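Source file my_file22.cif; content: mmCIF, C-alpha atoms.
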```cif
data_target
#
loop_
_atom_site.label_atom_id
_atom_site.label_comp_id
_atom_site.auth_asym_id
_atom_site.auth_seq_id
_atom_site.Cartn_x
_atom_site.Cartn_y
_atom_site.Cartn_z
CA MET A 1 -4.28 5.38 -28.61
CA TRP A 2 -0.53 5.73 -29.05
CA GLY A 3 1.74 7.94 -27.03
CA THR A 4 -0.35 7.96 -23.86
CA GLU A 5 1.78 5.46 -21.95
CA TRP A 6 3.67 6.64 -18.96
CA PRO A 7 7.45 6.47 -19.26
CA ARG A 8 9.17 3.28 -18.20
CA PHE A 9 11.57 3.23 -15.27
CA GLU A 10 14.12 0.54 -14.56
CA VAL A 11 13.93 -0.71 -10.98
CA MET A 12 17.00 -1.64 -8.95
CA LYS A 13 16.63 -3.43 -5.65
CA GLN A 14 18.90 -4.21 -2.76
CA ASP A 15 17.61 -7.06 -0.61
CA THR A 16 19.66 -6.40 2.53
CA PRO A 17 22.30 -3.81 3.53
CA ARG A 18 24.97 -6.31 2.46
CA SER A 19 23.37 -7.51 -0.77
CA PRO A 20 24.31 -6.20 -4.20
CA VAL A 21 22.04 -3.70 -5.93
CA GLN A 22 20.33 -5.60 -8.75
CA MET A 23 18.20 -4.69 -11.75
CA VAL A 24 14.93 -6.51 -11.17
CA GLY A 25 12.59 -5.22 -13.89
CA SER A 26 10.71 -2.11 -14.78
CA VAL A 27 7.53 -0.17 -14.07
CA HIS A 28 5.53 2.49 -15.89
CA ALA A 29 4.95 5.58 -13.80
CA ALA A 30 4.21 9.27 -14.06
CA ASP A 31 7.47 10.39 -12.45
CA PRO A 32 10.38 8.99 -10.41
CA GLU A 33 8.64 9.34 -7.05
CA HIS A 34 5.60 7.51 -8.37
CA ALA A 35 7.87 4.88 -9.92
CA LEU A 36 9.42 4.18 -6.51
CA LEU A 37 6.00 3.72 -4.95
CA VAL A 38 4.71 1.27 -7.53
CA ALA A 39 8.05 -0.53 -7.56
CA ARG A 40 7.56 -1.12 -3.86
CA HIS A 41 4.22 -2.80 -4.56
CA VAL A 42 5.46 -4.84 -7.49
CA PHE A 43 8.92 -5.96 -6.40
CA VAL A 44 9.59 -5.98 -2.68
CA ARG A 45 7.67 -9.03 -1.53
CA ARG A 46 10.09 -11.59 -2.88
CA PRO A 47 12.20 -12.21 -0.94
CA ALA A 48 12.84 -8.94 0.88
CA ALA A 49 14.08 -5.42 0.32
CA TYR A 50 16.26 -2.88 2.03
CA ALA A 51 16.47 -0.22 -0.69
CA LEU A 52 14.93 0.56 -4.07
CA PHE A 53 16.20 2.75 -6.89
CA VAL A 54 14.63 3.86 -10.15
CA ALA A 55 15.94 5.62 -13.24
CA PRO A 56 14.28 6.38 -16.59
CA ALA A 57 14.69 3.35 -18.88
CA GLU A 58 15.74 5.58 -21.77
CA ALA A 59 18.69 6.90 -19.75
CA PHE A 60 20.35 3.46 -19.77
CA PHE A 61 23.11 2.72 -22.23
CA HIS A 62 23.36 -1.02 -22.82
CA VAL A 63 25.68 -3.31 -24.67
CA SER A 64 25.86 -7.09 -25.02
CA GLN A 65 28.97 -9.26 -25.07
CA GLU A 66 28.92 -9.30 -28.90
CA GLY A 67 28.78 -5.50 -28.98
CA LEU A 68 31.72 -5.03 -26.63
CA LYS A 69 34.29 -5.28 -29.42
CA ASP A 70 32.70 -2.25 -31.09
CA LEU A 71 32.55 -0.27 -27.86
CA LYS A 72 34.34 3.02 -28.44
CA PRO A 73 35.02 4.63 -25.10
CA THR A 74 36.01 8.17 -25.91
CA ARG A 75 38.10 10.09 -23.40
CA ARG A 76 39.08 13.62 -24.10
CA GLU A 77 41.82 15.32 -22.15
CA GLY A 78 40.12 17.56 -19.57
CA GLY A 79 36.65 16.38 -20.66
CA SER A 80 33.94 16.59 -18.02
CA GLU A 81 33.24 13.53 -15.94
CA GLU A 82 30.29 12.36 -13.92
CA PRO A 83 29.56 9.23 -11.89
CA TYR A 84 27.82 6.32 -13.63
CA TRP A 85 26.32 3.18 -12.18
CA VAL A 86 27.37 0.15 -14.18
CA PHE A 87 25.49 -3.16 -14.05
CA ALA A 88 26.62 -6.52 -15.45
CA LYS A 89 24.66 -9.61 -16.35
CA ARG A 90 27.08 -12.38 -15.54
CA SER A 91 25.57 -15.42 -17.22
CA HIS A 92 22.69 -16.66 -19.35
CA ARG A 93 21.35 -18.78 -16.51
CA ARG A 94 17.66 -18.16 -15.99
CA SER A 95 17.18 -15.61 -13.27
CA MET A 96 14.69 -13.11 -11.90
CA VAL A 97 17.48 -10.56 -11.99
CA TYR A 98 19.02 -8.79 -14.98
CA GLY A 99 22.20 -7.18 -13.79
CA ASP A 100 24.25 -6.74 -10.62
CA LEU A 101 25.77 -3.41 -9.78
CA VAL A 102 29.50 -3.58 -10.56
CA GLY A 103 30.14 -0.17 -9.07
CA ARG A 104 30.18 3.60 -9.55
CA PHE A 105 32.62 4.92 -12.12
CA LEU A 106 33.64 8.48 -12.76
CA ALA A 107 33.50 8.61 -16.54
CA GLN A 108 33.12 10.90 -19.54
CA GLY A 109 30.30 8.81 -20.96
CA PRO A 110 28.55 5.45 -20.52
CA GLU A 111 30.96 3.65 -22.87
CA ASP A 112 33.86 4.94 -20.83
CA ALA A 113 32.15 3.78 -17.61
CA ILE A 114 31.60 0.28 -19.00
CA ALA A 115 35.20 0.10 -20.24
CA GLN A 116 36.32 0.83 -16.69
CA ALA A 117 33.95 -1.79 -15.29
CA LEU A 118 35.34 -4.38 -17.71
CA LEU A 119 38.67 -4.12 -15.91
CA GLN A 120 36.91 -5.54 -12.83
CA THR A 121 34.43 -8.06 -14.13
CA GLN A 122 33.26 -10.21 -16.99
CA GLY A 123 29.69 -10.33 -18.21
CA VAL A 124 27.35 -11.15 -21.06
CA ALA A 125 25.69 -7.74 -21.01
CA PHE A 126 26.31 -4.35 -19.44
CA TRP A 127 24.22 -1.31 -18.58
CA ALA A 128 25.34 2.17 -17.55
CA VAL A 129 23.24 5.03 -16.22
CA PRO A 130 24.28 8.47 -14.96
CA GLU A 131 23.98 8.60 -11.19
CA ARG A 132 22.21 12.00 -11.32
CA LEU A 133 19.14 10.27 -12.83
CA VAL A 134 18.95 7.57 -10.16
CA VAL A 135 16.37 8.19 -7.44
CA GLY A 136 16.28 5.95 -4.41
CA THR A 137 14.57 5.38 -1.10
CA GLU A 138 16.27 6.92 1.87
CA PRO A 139 18.31 4.45 3.94
CA LYS A 140 16.49 5.50 7.11
CA GLU A 141 15.07 3.15 9.71
CA GLU A 142 11.71 4.85 9.30
CA VAL A 143 11.59 4.14 5.56
CA VAL A 144 12.83 0.57 5.78
CA GLU A 145 10.27 -0.11 8.49
CA SER A 146 7.24 1.22 6.60
CA TRP A 147 8.20 0.41 3.00
CA PHE A 148 9.89 -2.95 3.33
CA ALA A 149 9.59 -4.62 6.74
CA PRO A 150 5.84 -5.42 6.58
CA ALA A 151 6.22 -7.09 3.18
CA LYS A 152 9.01 -9.31 4.43
CA GLU A 153 6.74 -10.93 6.97
CA LYS A 154 4.23 -11.87 4.29
CA THR A 155 4.76 -15.26 2.87
CA TYR A 156 4.10 -15.61 -0.81
CA ARG A 157 2.23 -18.80 -1.56
CA LEU A 158 1.30 -20.43 -4.81
CA GLN A 159 -2.41 -20.90 -5.38
CA SER A 160 -2.00 -24.64 -5.00
CA TYR A 161 -1.04 -24.08 -1.34
CA TYR A 162 -4.67 -23.39 -0.54
CA GLY A 163 -7.05 -26.33 -0.33
CA LEU A 164 -10.12 -26.81 -2.46
CA ILE A 165 -13.70 -26.55 -1.25
CA THR A 166 -13.86 -30.26 -0.74
CA ALA A 167 -12.64 -30.64 2.81
CA LYS A 168 -16.06 -30.93 4.27
CA GLY A 169 -17.54 -33.12 6.55
CA VAL A 170 -16.79 -35.87 8.81
CA GLU A 171 -15.76 -34.06 11.98
CA VAL A 172 -18.22 -31.25 11.48
CA ASN A 173 -21.13 -33.64 11.15
CA ARG A 174 -20.03 -35.64 14.13
CA ASP A 175 -20.11 -32.52 16.32
CA ALA A 176 -23.58 -31.68 15.06
CA MET B 1 -5.36 -7.11 31.62
CA LEU B 2 -8.55 -5.34 30.71
CA GLU B 3 -11.01 -4.40 33.45
CA ALA B 4 -14.26 -6.34 33.01
CA TYR B 5 -16.44 -3.22 32.78
CA LEU B 6 -14.57 -2.11 29.66
CA LYS B 7 -15.01 -5.34 27.75
CA ASP B 8 -18.25 -4.64 25.88
CA ALA B 9 -17.13 -1.15 24.94
CA LEU B 10 -13.83 -2.40 23.56
CA VAL B 11 -15.56 -5.17 21.61
CA ALA B 12 -17.74 -2.52 19.95
CA ARG B 13 -14.72 -0.30 19.23
CA LEU B 14 -12.67 -3.09 17.68
CA THR B 15 -15.63 -4.19 15.57
CA ALA B 16 -16.13 -0.69 14.19
CA TRP B 17 -12.44 -0.42 13.25
CA ALA B 18 -12.41 -3.89 11.72
CA ASP B 19 -15.58 -3.24 9.73
CA ASP B 20 -14.06 -0.10 8.22
CA GLU B 21 -11.10 -2.16 7.03
CA VAL B 22 -13.15 -5.08 5.70
CA VAL B 23 -15.53 -2.91 3.71
CA LEU B 24 -12.75 -0.72 2.34
CA ALA B 25 -10.75 -3.81 1.35
CA GLN B 26 -13.75 -5.12 -0.56
CA ARG B 27 -14.17 -1.80 -2.41
CA LEU B 28 -10.45 -1.74 -3.28
CA SER B 29 -10.55 -5.32 -4.52
CA GLU B 30 -13.20 -4.31 -7.05
CA TRP B 31 -10.40 -2.61 -8.97
CA VAL B 32 -8.41 -5.78 -9.44
CA GLY B 33 -8.20 -6.36 -13.18
CA HIS B 34 -9.64 -2.89 -13.86
CA ALA B 35 -7.09 -0.39 -12.56
CA PRO B 36 -5.83 2.22 -15.05
CA ILE B 37 -2.43 0.57 -15.34
CA LEU B 38 -1.00 -2.83 -14.43
CA GLU B 39 1.35 -1.41 -11.80
CA GLU B 40 -1.53 0.27 -9.97
CA ASP B 41 -3.60 -2.89 -10.31
CA ILE B 42 -0.95 -4.77 -8.37
CA ALA B 43 -0.65 -1.91 -5.91
CA ILE B 44 -4.36 -1.77 -5.18
CA ALA B 45 -4.56 -5.53 -4.68
CA ASN B 46 -1.75 -5.12 -2.17
CA LEU B 47 -3.59 -2.32 -0.39
CA ALA B 48 -6.77 -4.40 -0.23
CA GLN B 49 -4.90 -7.33 1.26
CA ASP B 50 -3.20 -5.08 3.79
CA GLU B 51 -6.53 -3.60 4.93
CA LEU B 52 -7.95 -7.09 5.29
CA GLY B 53 -4.92 -8.07 7.35
CA HIS B 54 -5.58 -5.11 9.64
CA ALA B 55 -9.22 -6.19 10.07
CA LYS B 56 -7.96 -9.63 11.03
CA LEU B 57 -5.74 -8.15 13.74
CA TRP B 58 -8.63 -6.17 15.24
CA LEU B 59 -10.99 -9.13 15.11
CA GLU B 60 -8.43 -11.40 16.74
CA LEU B 61 -8.20 -8.91 19.61
CA ARG B 62 -11.97 -9.09 19.82
CA GLN B 63 -11.80 -12.90 19.80
CA GLU B 64 -9.54 -12.78 22.86
CA LEU B 65 -12.22 -10.78 24.65
CA ASP B 66 -15.44 -12.55 23.70
CA GLY B 67 -14.44 -15.71 21.85
CA SER B 68 -16.12 -14.62 18.62
CA ASP B 69 -14.91 -16.15 15.36
CA PRO B 70 -13.54 -13.49 12.96
CA ASP B 71 -14.67 -15.40 9.86
CA ARG B 72 -18.23 -15.72 11.18
CA LEU B 73 -18.34 -12.01 11.92
CA VAL B 74 -17.18 -11.03 8.47
CA TYR B 75 -19.08 -13.52 6.35
CA PHE B 76 -22.30 -14.15 8.23
CA ARG B 77 -23.35 -10.86 9.80
CA ASP B 78 -26.19 -8.96 8.16
CA PRO B 79 -25.65 -5.42 6.85
CA LEU B 80 -27.46 -3.78 9.76
CA GLU B 81 -24.97 -5.34 12.17
CA PHE B 82 -21.98 -3.85 10.34
CA GLN B 83 -20.43 -0.90 12.13
CA ASN B 84 -18.39 0.60 9.29
CA ALA B 85 -18.46 4.28 8.45
CA ILE B 86 -20.32 5.34 5.31
CA LEU B 87 -17.12 6.76 3.82
CA VAL B 88 -15.80 3.27 3.07
CA GLU B 89 -18.99 1.71 1.70
CA LEU B 90 -19.72 4.21 -1.08
CA PRO B 91 -19.24 2.66 -4.55
CA LYS B 92 -15.73 2.74 -5.92
CA GLY B 93 -16.47 5.46 -8.48
CA ASP B 94 -13.60 6.51 -10.73
CA TRP B 95 -9.89 6.44 -9.93
CA ALA B 96 -10.02 9.94 -8.47
CA PHE B 97 -12.85 8.93 -6.13
CA THR B 98 -10.94 5.84 -5.00
CA MET B 99 -7.71 7.74 -4.39
CA VAL B 100 -9.37 10.64 -2.56
CA ARG B 101 -11.23 8.23 -0.30
CA GLN B 102 -8.04 6.26 0.31
CA TYR B 103 -6.16 9.44 1.16
CA LEU B 104 -8.85 10.68 3.56
CA PHE B 105 -8.95 7.30 5.26
CA ASP B 106 -5.18 6.76 5.37
CA ALA B 107 -4.58 10.16 6.93
CA TYR B 108 -7.16 9.34 9.62
CA GLU B 109 -5.62 5.92 10.22
CA ASN B 110 -2.15 7.37 10.62
CA LEU B 111 -3.27 9.86 13.26
CA ARG B 112 -5.44 7.39 15.11
CA LEU B 113 -2.91 4.57 15.11
CA LYS B 114 -0.11 6.84 16.33
CA GLU B 115 -2.24 7.52 19.41
CA ALA B 116 -3.55 3.96 19.73
CA ALA B 117 0.05 2.71 19.80
CA LYS B 118 0.25 4.30 23.28
CA SER B 119 -2.78 2.34 24.55
CA ALA B 120 -2.80 1.15 28.14
CA TYR B 121 -4.04 -2.21 26.81
CA PRO B 122 -0.82 -3.80 25.51
CA PRO B 123 -2.36 -6.09 22.83
CA LEU B 124 -4.05 -3.06 21.28
CA ALA B 125 -0.89 -0.94 21.46
CA GLU B 126 1.04 -3.71 19.76
CA ALA B 127 -1.48 -4.20 16.95
CA ALA B 128 -1.68 -0.46 16.35
CA SER B 129 2.07 0.02 16.03
CA CYS B 130 2.27 -2.94 13.69
CA ILE B 131 -0.50 -1.59 11.44
CA LEU B 132 0.92 1.93 11.58
CA LYS B 133 4.11 0.86 9.80
CA GLU B 134 2.11 -0.28 6.80
CA GLU B 135 -0.29 2.66 6.93
CA ARG B 136 2.56 5.15 6.73
CA PHE B 137 3.35 3.72 3.31
CA HIS B 138 -0.33 3.66 2.27
CA LEU B 139 -0.52 7.35 3.07
CA LYS B 140 2.52 8.02 0.89
CA HIS B 141 0.84 6.30 -2.02
CA SER B 142 -2.57 7.95 -1.70
CA SER B 143 -1.27 11.43 -0.91
CA LEU B 144 0.96 11.27 -3.98
CA TRP B 145 -2.04 10.40 -6.12
CA VAL B 146 -4.19 13.21 -4.73
CA GLU B 147 -1.43 15.69 -5.51
CA ARG B 148 -0.91 14.33 -9.05
CA LEU B 149 -4.63 14.26 -9.81
CA GLY B 150 -5.31 17.65 -8.25
CA GLN B 151 -2.51 19.31 -10.18
CA GLY B 152 -2.71 17.12 -13.29
CA THR B 153 -4.98 17.90 -16.21
CA GLU B 154 -8.19 19.90 -16.18
CA GLU B 155 -10.14 16.66 -16.27
CA SER B 156 -8.24 15.01 -13.43
CA HIS B 157 -8.64 18.14 -11.33
CA ARG B 158 -12.38 18.30 -12.01
CA ARG B 159 -12.91 14.63 -11.14
CA THR B 160 -10.82 14.91 -7.97
CA GLN B 161 -12.65 18.00 -6.79
CA GLU B 162 -15.99 16.28 -7.47
CA ALA B 163 -14.90 13.23 -5.47
CA LEU B 164 -13.88 15.49 -2.62
CA GLU B 165 -17.29 17.24 -2.63
CA THR B 166 -19.01 13.89 -2.13
CA LEU B 167 -16.57 12.31 0.30
CA PHE B 168 -15.39 15.07 2.57
CA PRO B 169 -18.49 15.47 4.78
CA TYR B 170 -18.32 11.77 5.63
CA VAL B 171 -14.87 12.02 7.24
CA HIS B 172 -16.46 13.61 10.29
CA GLN B 173 -18.20 10.33 11.04
CA LEU B 174 -14.83 8.65 11.61
CA PHE B 175 -14.30 10.81 14.69
CA GLN B 176 -17.68 10.20 16.31
CA PRO B 177 -17.42 8.39 19.63
CA LEU B 178 -19.33 5.16 20.15
CA PRO B 179 -21.59 5.03 23.23
CA GLY B 180 -18.97 3.15 25.27
CA ASP B 181 -15.95 5.16 24.17
CA GLU B 182 -15.84 7.57 27.09
CA ALA B 183 -14.90 4.89 29.62
CA LEU B 184 -12.28 3.47 27.24
CA VAL B 185 -10.72 6.88 26.68
CA GLU B 186 -10.70 7.57 30.41
CA ALA B 187 -8.88 4.28 31.03
CA GLY B 188 -6.37 5.15 28.31
CA VAL B 189 -7.34 2.12 26.22
CA VAL B 190 -8.31 3.97 23.04
CA PRO B 191 -7.50 7.49 21.84
CA ASP B 192 -10.01 10.30 22.19
CA LEU B 193 -11.21 10.49 18.58
CA LYS B 194 -12.94 13.83 19.03
CA ALA B 195 -9.62 15.39 19.99
CA LEU B 196 -8.01 14.09 16.79
CA GLU B 197 -10.53 15.69 14.46
CA ALA B 198 -9.08 19.22 14.51
CA PRO B 199 -5.46 18.17 13.81
CA TYR B 200 -6.79 15.84 11.11
CA LEU B 201 -8.75 18.57 9.34
CA GLU B 202 -5.75 20.86 9.53
CA GLU B 203 -3.42 18.26 8.03
CA VAL B 204 -5.64 17.10 5.18
CA THR B 205 -6.80 20.61 4.31
CA ALA B 206 -3.17 21.70 3.96
CA HIS B 207 -2.41 18.80 1.60
CA LEU B 208 -5.60 19.26 -0.42
CA VAL B 209 -4.95 22.98 -0.84
CA ARG B 210 -1.35 22.26 -1.84
CA SER B 211 -2.79 19.92 -4.45
CA GLY B 212 -5.00 22.69 -5.84
CA LEU B 213 -8.21 21.31 -4.28
CA ARG B 214 -10.81 22.91 -2.08
CA PRO B 215 -12.41 20.90 0.76
CA PRO B 216 -16.13 21.69 0.79
CA GLU B 217 -17.89 23.09 3.85
CA GLY B 218 -20.92 21.54 5.46
CA GLY B 219 -22.68 18.53 4.01
CA TYR B 220 -24.50 15.65 5.62
CA VAL B 221 -22.76 13.85 8.46
CA PRO B 222 -24.20 10.47 9.50
CA LYS B 223 -25.38 10.38 13.09
CA SER B 224 -24.01 6.99 14.06
CA ARG B 225 -22.32 3.90 12.73
CA ARG B 226 -25.66 2.13 12.60
CA GLU B 227 -26.51 4.27 9.61
CA HIS B 228 -25.76 2.87 6.16
CA THR B 229 -26.46 3.50 2.51
CA GLU B 230 -28.09 1.00 0.15
CA TYR B 231 -24.64 0.30 -1.29
CA LEU B 232 -23.58 -1.75 1.72
CA TRP B 233 -26.19 -4.42 0.94
CA SER B 234 -24.89 -5.28 -2.51
CA LEU B 235 -21.28 -5.07 -1.35
CA LEU B 236 -21.86 -7.59 1.44
CA ALA B 237 -24.03 -9.81 -0.76
CA GLU B 238 -21.12 -10.23 -3.12
CA MET B 239 -18.46 -10.52 -0.42
CA GLN B 240 -20.38 -13.08 1.63
CA SER B 241 -21.88 -15.12 -1.19
CA VAL B 242 -19.32 -17.94 -1.30
CA ALA B 243 -19.19 -18.39 2.46
CA ARG B 244 -22.97 -18.40 2.75
CA TRP B 245 -23.34 -20.74 -0.20
CA ASP B 246 -21.29 -23.41 1.50
CA PRO B 247 -21.06 -22.61 5.22
CA GLU B 248 -19.62 -26.01 6.08
CA ALA B 249 -16.62 -25.71 3.79
CA LYS B 250 -13.50 -26.10 5.90
CA ALA B 251 -10.99 -24.79 3.45
CA TRP B 252 -11.14 -22.59 0.40
#
```
Representation of the structure as structure tokens:
Amino acid sequence: MWGTEWPRFEVMKQDTPRSPVQMVGSVHAADPEHALLVARHVFVRRPAAYALFVAPAEAFFHVSQEGLKDLKPTRREGGSEEPYWVFAKRSHRRSMVYGDLVGRFLAQGPEDAIAQALLQTQGVAFWAVPERLVVGTEPKEEVVESWFAPAKEKTYRLQSYYGLITAKGVEVNRDA
Amino acid sequence: MLEAYLKDALVARLTAWADDEVVLAQRLSEWVGHAPILEEDIAIANLAQDELGHAKLWLELRQELDGSDPDRLVYFRDPLEFQNAILVELPKGDWAFTMVRQYLFDAYENLRLKEAAKSAYPPLAEAASCILKEERFHLKHSSLWVERLGQGTEESHRRTQEALETLFPYVHQLFQPLPGDEALVEAGVVPDLKALEAPYLEEVTAHLVRSGLRPPEGGYVPKSRREHTEYLWSLLAEMQSVARWDPEAKAW
């Protein structure tokens, strides 16, 4: 059946208090709070996490390098501004991460926010999302400790790490 | 260190806690590949692994006391020797059933572990505070689901209320003392479970009512942890089959 999918949320993750906030992928969820919870399950194990943010995927404005020349940042005198988060993908190198947070920009629209970000950084693609739609985990010790710390101690191993059911034998039989 | 006279009682206590985790983990793992959405499939696999990790911690504490091998206990004990509560062995049911059970269990774990973290037996206090961190997040996940299902559609509400009717009476079993508990409680080694029941019922009732659900009154409460339903047999048969098939395997 069509139209029964939950909305998609982009997930942004910060590995440590000093790491950049990065777009790491997306999840389907019923609402932002639910999106944060499933994002924790899906994304925090590798390698670590300090904070997570989600925002509805449809709220993102995005533009690639080729599209930048057609970007028309409109600024009206006295027009209303709001803060945007702008992310940049810096290269085509294969990566688990889409974009790094360039910064927060007070802008009249997403195009305007990206135009401001372009003064600071280069990139092959850009995203902008209004800050009011971003929902994040609280930067409290209590949250970090229960959402992220336990996952950090869990080592992710490829299946091939584990042996096969062949290691039988010699010593066991000797003991018997 | 632990006084010798408390040893057997603590072994029984740790086994009961571990068995709850093992059996619940097995029920959760039955959803892997079948959850309503990929994200929740990953989440539930995570929860199952976490619960299994908690069982491992309890069984390692037991190993320090009596030298028993955790793997042998899990994979080679017969159903009648399992000390889990009936709440965790009931078949997985639908998503509402799974989430209501998880919520009822997580809320109990949070209360119990908070108290157990103050245990006079340091290894137990340490394990409890370590598990509690993870359980606080589990509770977030399951309480969110109960609220969404309870207040969701007519169908989700009906299924959630039905799950609650079946599951709720069984929560009382979680608070029943084992025969040796009194001495452990007196020595400050484990929390007094009976004393936690009232605050537990108050807390979960408030959340269930907020979620538009009605906890049922009465119902059958098992008399001891030696009591089981037929469902435990098939669960253990599946869980133990590989280990029993090739007991000499050294790695899998």
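Here atom CA of Leu71 of chain A stands at a distance of 15.9 Å from atom CA of Thr121 of chain A.
Taking only C-alpha atoms into account, the protein, DNA and RNA residues within 9 Å of (24.7, 3.8, -16.8) read Ala59, Phe60, Phe61, His62, Pro83, Tyr84, Trp85, Val86, Phe87, Gly109, Pro110, Glu111, Ala113, Ile114, Phe126, Trp127, Ala128, Val129, Pro130 and Glu131 of chain A.
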Okay, now the selection with C-alpha atoms, as a PDB file, in the coordinates of the input?
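Listed below is the output, result.pdb:
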```pdb
ATOM      1  CA  ALA A  59      18.690   6.900 -19.750  1.00  0.00           C
ATOM      2  CA  PHE A  60      20.350   3.460 -19.770  1.00  0.00           C
ATOM      3  CA  PHE A  61      23.110   2.720 -22.230  1.00  0.00           C
ATOM      4  CA  HIS A  62      23.360  -1.020 -22.820  1.00  0.00           C
ATOM      5  CA  PRO A  83      29.560   9.230 -11.890  1.00  0.00           C
ATOM      6  CA  TYR A  84      27.820   6.320 -13.630  1.00  0.00           C
ATOM      7  CA  TRP A  85      26.320   3.180 -12.180  1.00  0.00           C
ATOM      8  CA  VAL A  86      27.370   0.150 -14.180  1.00  0.00           C
ATOM      9  CA  PHE A  87      25.490  -3.160 -14.050  1.00  0.00           C
ATOM     10  CA  GLY A 109      30.300   8.810 -20.960  1.00  0.00           C
ATOM     11  CA  PRO A 110      28.550   5.450 -20.520  1.00  0.00           C
ATOM     12  CA  GLU A 111      30.960   3.650 -22.870  1.00  0.00           C
ATOM     13  CA  ALA A 113      32.150   3.780 -17.610  1.00  0.00           C
ATOM     14  CA  ILE A 114      31.600   0.280 -19.000  1.00  0.00           C
ATOM     15  CA  PHE A 126      26.310  -4.350 -19.440  1.00  0.00           C
ATOM     16  CA  TRP A 127      24.220  -1.310 -18.580  1.00  0.00           C
ATOM     17  CA  ALA A 128      25.340   2.170 -17.550  1.00  0.00           C
ATOM     18  CA  VAL A 129      23.240   5.030 -16.220  1.00  0.00           C
ATOM     19  CA  PRO A 130      24.280   8.470 -14.960  1.00  0.00           C
ATOM     20  CA  GLU A 131      23.980   8.600 -11.190  1.00  0.00           C
TER      21      GLU A 131
END
```
Would you write out, as CSV, a table of all residues in chain B that have an atom no more than 12 Å from an atom of chain A, listing for each the closest atom pair and the distance in Å to one decimal, considering all atoms listed in the file and ordering rows by chain and rising residue number?
```
residue,atom,partner,partner_atom,distance
B:Pro36,CA,A:Glu5,CA,10.8
B:Ile37,CA,A:His28,CA,8.2
B:Leu38,CA,A:His28,CA,8.5
B:Glu39,CA,A:Val38,CA,6.1
B:Glu40,CA,A:Val38,CA,6.8
B:Asp41,CA,A:Val42,CA,9.7
B:Ile42,CA,A:Val42,CA,6.5
B:Ala43,CA,A:His41,CA,5.1
B:Ile44,CA,A:His41,CA,8.7
B:Ala45,CA,A:His41,CA,9.2
B:Asn46,CA,A:His41,CA,6.8
B:Leu47,CA,A:His41,CA,8.9
B:Ala48,CA,A:His41,CA,11.9
B:Gln49,CA,A:Lys154,CA,10.6
B:Asp50,CA,A:Pro150,CA,9.5
B:Gly53,CA,A:Lys154,CA,10.4
B:His54,CA,A:Pro150,CA,11.8
B:Asn110,CA,A:Ser146,CA,11.9
B:Ser129,CA,A:Ser146,CA,10.8
B:Cys130,CA,A:Pro150,CA,8.3
B:Ile131,CA,A:Pro150,CA,8.9
B:Leu132,CA,A:Ser146,CA,8.1
B:Lys133,CA,A:Ser146,CA,4.5
B:Glu134,CA,A:Ser146,CA,5.3
B:Glu135,CA,A:Ser146,CA,7.7
B:Arg136,CA,A:Ser146,CA,6.1
B:Phe137,CA,A:Ser146,CA,5.7
B:His138,CA,A:Ser146,CA,9.1
B:Leu139,CA,A:Ser146,CA,10.5
B:Lys140,CA,A:Leu37,CA,8.0
B:His141,CA,A:Leu37,CA,6.5
B:Ser142,CA,A:Leu37,CA,10.1
B:Ser143,CA,A:His34,CA,10.9
B:Leu144,CA,A:His34,CA,7.4
B:Trp145,CA,A:His34,CA,8.5
B:Val146,CA,A:His34,CA,11.9
B:Glu147,CA,A:His34,CA,11.2
B:Arg148,CA,A:Ala30,CA,8.8
B:Leu149,CA,A:Ala30,CA,11.0
B:Gly152,CA,A:Ala30,CA,10.5
B:Val242,CA,A:Ile165,CA,10.3
B:Ala243,CA,A:Ile165,CA,10.5
B:Trp245,CA,A:Ile165,CA,11.3
B:Asp246,CA,A:Ile165,CA,8.7
B:Pro247,CA,A:Lys168,CA,9.8
B:Glu248,CA,A:Lys168,CA,6.3
B:Ala249,CA,A:Lys168,CA,5.3
B:Lys250,CA,A:Ala167,CA,5.6
B:Ala251,CA,A:Gly163,CA,5.7
B:Trp252,CA,A:Ile165,CA,5.0
```
Could you give me, as a VMD selection string, the residues within 9 Å of Pro122 of chain B, counting only C-alpha atoms and dropping anything in the same chain fewer than 4 positions from it?
chain B and resid 1 117 to 118 126 to 127 189
Please evaluate the PyMOL selection byres ((chain B and resi 62-65) around 10) against the structure above and give the resulting residues as number ranges by chain.
B: 2, 4, 7-8, 10-15, 18, 56-61, 66-70, 123
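For His157 of chain B, the list of residues within 9 Å, based on only C-alpha atoms and with local chain neighbours fewer than 6 positions off taken out, reads Ala96, Arg148, Leu149, Gly150, Gln151, Gly212 and Leu213 of chain B.
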For the selection just defined, write its residues with C-alpha atoms to a file, as a CSV table (one decimal), keeping the file's coordinate frame.
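Listing of out.csv after writing:
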```
chain,number,residue,atom,x,y,z
B,96,ALA,CA,-10.0,9.9,-8.5
B,148,ARG,CA,-0.9,14.3,-9.0
B,149,LEU,CA,-4.6,14.3,-9.8
B,150,GLY,CA,-5.3,17.6,-8.2
B,151,GLN,CA,-2.5,19.3,-10.2
B,212,GLY,CA,-5.0,22.7,-5.8
B,213,LEU,CA,-8.2,21.3,-4.3
```
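Closest approach to Glu51 of chain B among B:Thr153, B:Gln102, B:Gln83, B:Ser234: B:Gln102, based on only C-alpha atoms.
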Would you list the residues near (-22.5, 23.5, 2.9), meaning any protein, DNA or RNA residue with an atom at most 12 Å from that point in file coordinates, counting only C-alpha atoms, as a count of residues only?
11
